[in-house]
Each structure stands twice: as C-alpha cells, then as structure tokens.
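Notes to accompany the following structure.
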Amino acid sequence: MTAAISVSGLTRRYGRQLALNGVTVDFEGASITGLLGRNGAGKTTLMRIIAGHELASAGSVRVFGAEPLENSALLRRMVFIRENQIYPEFKVRHAIRTASWFYPNWCGELAETLLEEFDLPTDRAIKKLSHGMRSALGIVISLAARAEVTLLDEPNSGLDAVARRRFYDLLLREYAEYPRTVLLSTHLVDEVADLLERVVVIDHGCVVLDACSDDLRGTATRVSGRPLDVEEFVAGRLSWGRATSRSHESVVVGGVLDDADRLWARELHLDLRTLSLQEMMVHVVDQTTEDYARETVA
Amino acid sequence: MLDEATPLFMQIAERVSVEIADGLRTEGQRAPSSNELAIRYRVNPATAAKGLNLLIDQGLLEKRRGIGMFVAAGARERLLVAGRLRFGRKYVEPMVTEAGRLGMSTDELVALILEFGGAVGLPASKGSVTA
C-alpha cells in the first residue's frame with residue numbers, strides 16, 4: 001500500500017528547543033494510528049506540520065505525494081482537530097455550516113445525528129461551550145468531514161466517560177464504513193488501545209516506538225514475589241523497572257510468556273500481571289528519558 | 001471483556017470458533033464481516049480481519065470470491081474434536097497427576113467422576129440418560 005502521509009527527516013526548532021528531531025515515519029492509506037507520548041513530546045507539532053499549519057525547519061512532509069503548506073486543494077482532503085480549538089465569534093451551527101462548505105465529502109446528515117448524540121446546542125456561541133462540548137464539536141466536524149486524512153489531537157479531552165465511549169464507537173463505525181487515514185493522539189491510551197492498528201510513540205521529538213498495536217499485546221509482564229524467586233524467573237530475560245524491598249521484588253520482563261513460563265511462575269508463587277499499552281508506553285518513555293539524560297550529560 | 005495477554009486477533013478468532021462449536025453459526029452460513037466484528041468487540045477492523053484470516057487458515061471458514069466468508073463444511077466437528085483434545089490436556093491430565101499424588105487408583109478416580117457427573121446430570125455413557 002502506498003503511504004498517504006510520508007514524513008522524512010522532519011525537524012522543527014523553536015529557538016533553541018527542538019520540537020521534532022529528524023522524524024521519519026509513513027502512514028498508510030486506511031489505518032488508525034495512535035500518536036502517543038508525553039505532553040511536549042512533539043505530537044501536536046507533527047500533526048500541525050502535516051496539516052499545513054506550520055513550517056518545518058528541515059525535512060519534508062508529503063500528503064498524497066504533495067506538500068501540504070498553502071495547498072488548498074490538499075487541505076480540503078484533511079481535517080485537523082485539536083484540543084481547545086479556537087473558533088471565531090461563531091455559533092455552533094455557523095461552525096458546522098462553514099465546515100460543510102469547506103470539505104468536499106461533508107455528510108450533513110451525519111453531522112446532524114452527531115450533534116444530537118452529543119447534545120450540542122446549535123444556537124450557542126462556541127465561546128460559551130464547556131471544554132467537553134468544544135471537544136464534542138471538534139469530533140462532529142472531524143467525523144462528518146469524512147476527510148481522507150483525519151488528524152485528531154486529544155479529541156476526547158474534557159469529555160466524560162460516557163461521551164468518550166460514544167466517540168470511540170462512532171469513530172469505529174465511521175471508519176469501518178468510510179476507511180481513511182486517522183492519526184489519533186490521546187492521553188487515555190488504554191481506552192483507545194483496541195481501536196488502534198498501529199502505535200507510534202514520540203519522545204523528545206523522536207519516534208521511540210513504532211509497532212502494530214496487537215503485536216505489543218502481552219509482550220511485557222510485571223513479575224512480583226519473593227526476591228530470590230523473582231530473580232530465578234527473570235534470569236536471562238529482558239527486564240527493567242525493578243523495585244525491590246527486603247521481602248518483595250517486582251520487575252517487568254519483556255517477551256511473550258508461554259504456558260511453561262506461567263506454570264513455572266505458579267510453582268514459584270509469583271504474581272504475573274500483563275502490562276497495558278499505556279504502562280508499556282510509560283516504560284518506553286522512561287527508558288528513553290534516561291538515555292536522553294545520559295547523552296545530554298555526556 | 002477481552003484479556004490483556006492474548007493478541008486481539010486470536011481472541012476474535014476464538015469467539016467466532018466458539019459460536020461455530022456451539023452451533024450458533026452452522027455450516028454454509030455466512031461468517032460475520034470484519035466490520036461487524038470490529039464494531040461488536042470494539043477493535044480495529046484490520047485486527048478483526050486478521051482474526052477471520054486465521055480461521056480461513058485453519059479451514060474453519062472459507063472465502064467465496066466476491067460474496068464473503070462462510071462456515072466451512074465439517075468446521076463444527078473439527079472444533080469439537082480439537083476441544084476434546086484440549087480438554088484432556090488442560091483438565092484431565094493435571095487431574096490424573098494429582099490423583100496419582102494422592103495415591104488414588106483409576107477405579108477410585110472413575111467412581112469420583114461418576115459421582116460428580118451424576119450430580120450435574122451428565123449421562124454415565126453415550127445414549128444413556130440419568131434419571
């Protein structure tokens with residue numbers, strides 16, 4: 001499959017700060033990718049450059065083979081929704097109407113349904129919406145646009161658990177019916193983990209993990225029990241995140257555990273707990289932060 | 001609902017096989033599409049498609065060009081045979097091992113099984129029905 005979005009050696013500098021540091025990554029035609037990482041890792045900058053809202057300092061971004069910046073034909077094929085989007089002095093229905101003019105695949109019927117699903121008052125000024133309602137408006141526009149490239153930066157922020165669940169279901173339904181290239185950044189990693197086909201973790205402006213989401217499942221397990229038993233089990237395995245006290249030790253091991261491993265762990269009275277995607281991400285980021293600190297000192 | 005350690009595509013495949021084994025999807029009947037499974041289990045459609053492909057590789061589903069996927073002939077029987085084998089390994093083997101450790105004979109073990117089987121109304125032999 002040809003890449004819908006192709007990012008190569010992308011660097012973005014703000015004064016002395018490197019927001020993106022030589023990022024090279026492709027995103028396939030029909031896919032939902034989670035763009036994960038801490039605040040300030042570079043996720044938003046990456047999306048902004050893909051969406052043509054910002055210039056790169058070096059490197060290139062191609063969307064369907066073209067440069068997005070000031071390319072109005074291309075921008076109509078992309079929708080970019082970010083947290084705390086600033087709208088002009090608009091009412092909800094004005095924002096919807098404007099979007100309907102802009103996006104060629106706009107589905108008015110879907111927009112109406114979604115506005116109702118999220119209880120959005122169409123006559124209210126956007127400035128007067130709550131944080132969650134503004135996020136919901138962003139979701140309505142991003143899904144109804146049916147844009148080939150859909151960039152969602154913290155789309156679920158400020159939404160309550162019920163509304164978030166509704167958003168995930170709607171995203172999945174829409175995507176199943178009209179596949180598109182979706183990039184989704186969120187802090188609620190575990191909530192969206194199953195929706196993602198692929199996971200790209202960014203830290204300090206670099207891609208530190210890029211994997212098929214389902215391949216990561218079950219590849220990290222926290223092992224805990226008596227220190228000697230834990231050490232026996234862990235010996236020879238990839239391990240990190242060790243926490244030890246006199247009578248108890250807990251450590252994360254990498255790799256899939258098979259039935260024999262599980263049986264052995266039971267014999268040693270060890271407790272095994274599979275790490276979720278979010279926990280895995282935290283470990284990956286911790287690791288690279290340590291490496292980064294070491295390099296910076298050196 | 002889905003467990004953390006097993007790849008999702010395998011769990012999706014497992015759920016569809018259970019439906020076939022339970023006779024909820026009969027041979028020749030259409031299999032659910034990857035989109036249906038994706039929405040039902042809240043997973044990415046590509047993951048669901050991978051699960052369906054696994055069932056095709058196992059010969060439990062068959063693809064009919066341009067129409068979709070269907071439950072293959074003999075799928076249920078094969079699942080039941082495989083299920084019995086798995087049952088033996090997972091339950092009977094450890095049970096027998098433990099019985100040996102307790103010094104029980106096979107007769108004693110069988111008597112115990114008949115006792116518990118009777119309690120839940122399991123027939124003592126094929127064709128016979130407990131009162």
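Just remember, in the structure tokens the first chain shown is A, the second B, etc., residues are 1-based per chain, and ligands are 1-based in the order shown.
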
As a CSV table (one decimal) with C-alpha atoms, in the first residue's frame, please: the residues near range 147-159 of chain A (cut-off 9 Å, only C-alpha atoms, same-chain neighbours under 3 positions excluded).
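Ended up saving to part.csv:
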```csv
chain,number,residue,atom,x,y,z
A,4,ALA,CA,-1.0,8.6,2.5
A,5,ILE,CA,1.4,10.6,4.6
A,29,GLY,CA,-4.0,4.8,3.4
A,30,ALA,CA,-6.6,3.1,5.6
A,35,LEU,CA,0.3,9.0,18.2
A,43,LYS,CA,2.9,15.1,18.7
A,44,THR,CA,1.0,18.3,18.1
A,47,MET,CA,0.2,17.0,13.3
A,50,ILE,CA,1.2,17.5,8.4
A,51,ALA,CA,-1.9,19.7,8.3
A,63,VAL,CA,0.4,14.1,1.9
A,76,ARG,CA,-9.7,20.1,1.8
A,77,ARG,CA,-8.8,16.4,1.9
A,78,MET,CA,-7.5,16.8,5.5
A,79,VAL,CA,-9.3,17.6,8.8
A,80,PHE,CA,-7.3,18.6,11.9
A,81,ILE,CA,-9.0,18.9,15.2
A,82,ARG,CA,-7.0,19.9,18.3
A,83,GLU,CA,-7.7,20.4,21.9
A,84,ASN,CA,-9.1,23.8,22.7
A,103,TYR,CA,-15.0,19.7,3.0
A,104,PRO,CA,-16.0,18.1,-0.3
A,105,ASN,CA,-17.1,14.8,1.3
A,106,TRP,CA,-19.0,16.5,4.1
A,130,SER,CA,-17.7,23.9,28.1
A,131,HIS,CA,-14.4,22.3,27.4
A,132,GLY,CA,-16.1,18.9,26.8
A,133,MET,CA,-18.7,20.4,24.5
A,134,ARG,CA,-16.0,22.1,22.4
A,135,SER,CA,-14.2,18.7,22.1
A,136,ALA,CA,-17.6,17.2,21.0
A,138,GLY,CA,-14.5,19.0,17.1
A,139,ILE,CA,-15.5,15.3,16.9
A,142,SER,CA,-13.9,15.7,12.1
A,143,LEU,CA,-16.1,12.7,11.5
A,144,ALA,CA,-18.7,14.5,9.3
A,162,VAL,CA,-20.0,8.1,28.5
A,163,ALA,CA,-19.3,10.6,25.8
A,164,ARG,CA,-15.8,9.2,25.3
A,167,PHE,CA,-16.9,8.8,20.4
A,178,TYR,CA,-15.5,5.0,5.1
A,179,PRO,CA,-11.9,4.0,5.8
A,180,ARG,CA,-9.5,6.8,6.0
A,181,THR,CA,-6.1,7.7,7.4
A,182,VAL,CA,-6.6,8.5,11.1
A,183,LEU,CA,-3.9,9.8,13.4
A,184,LEU,CA,-5.1,10.0,17.0
A,185,SER,CA,-3.3,11.4,19.9
A,186,THR,CA,-4.6,10.9,23.4
A,187,HIS,CA,-3.5,10.5,27.0
A,188,LEU,CA,-6.2,7.9,27.6
```

10 Å contacts from chain B to chain A using only C-alpha atoms, as a list in words: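 Result, ordered by chain then number: Leu2, Asp3, Glu4, Ala5, Thr6, Pro7, Leu8, Phe9, Met10, Ser34, Asn35, Glu36, Ala38, Ile39, Arg40, Tyr41, Arg42, Val43, Asn44, Pro45, Ala46 and Thr47 of chain B.
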
Neighbour list for range 72-88 of chain B as a ChimeraX atom specification, cut-off 7 Å, only C-alpha atoms, skip fewer than 4 positions in-chain: /B:20-21,27-28,59-62,92-93

Residue list (strand (DSSP E or B), DSSP) for range 62-211 of chain A, as a VMD selection string: chain A and resid 62 to 63 66 78 to 82 91 125 149 to 153 181 to 185 198 to 203 206 to 211

All residues 9 Å or closer to range 231-247 of chain A, only C-alpha atoms, same chain fewer than 3 positions away omitted, as a PyMOL selection string: chain A and resi 222-223+225-228+250-255+261+264-265+268+270+283+287
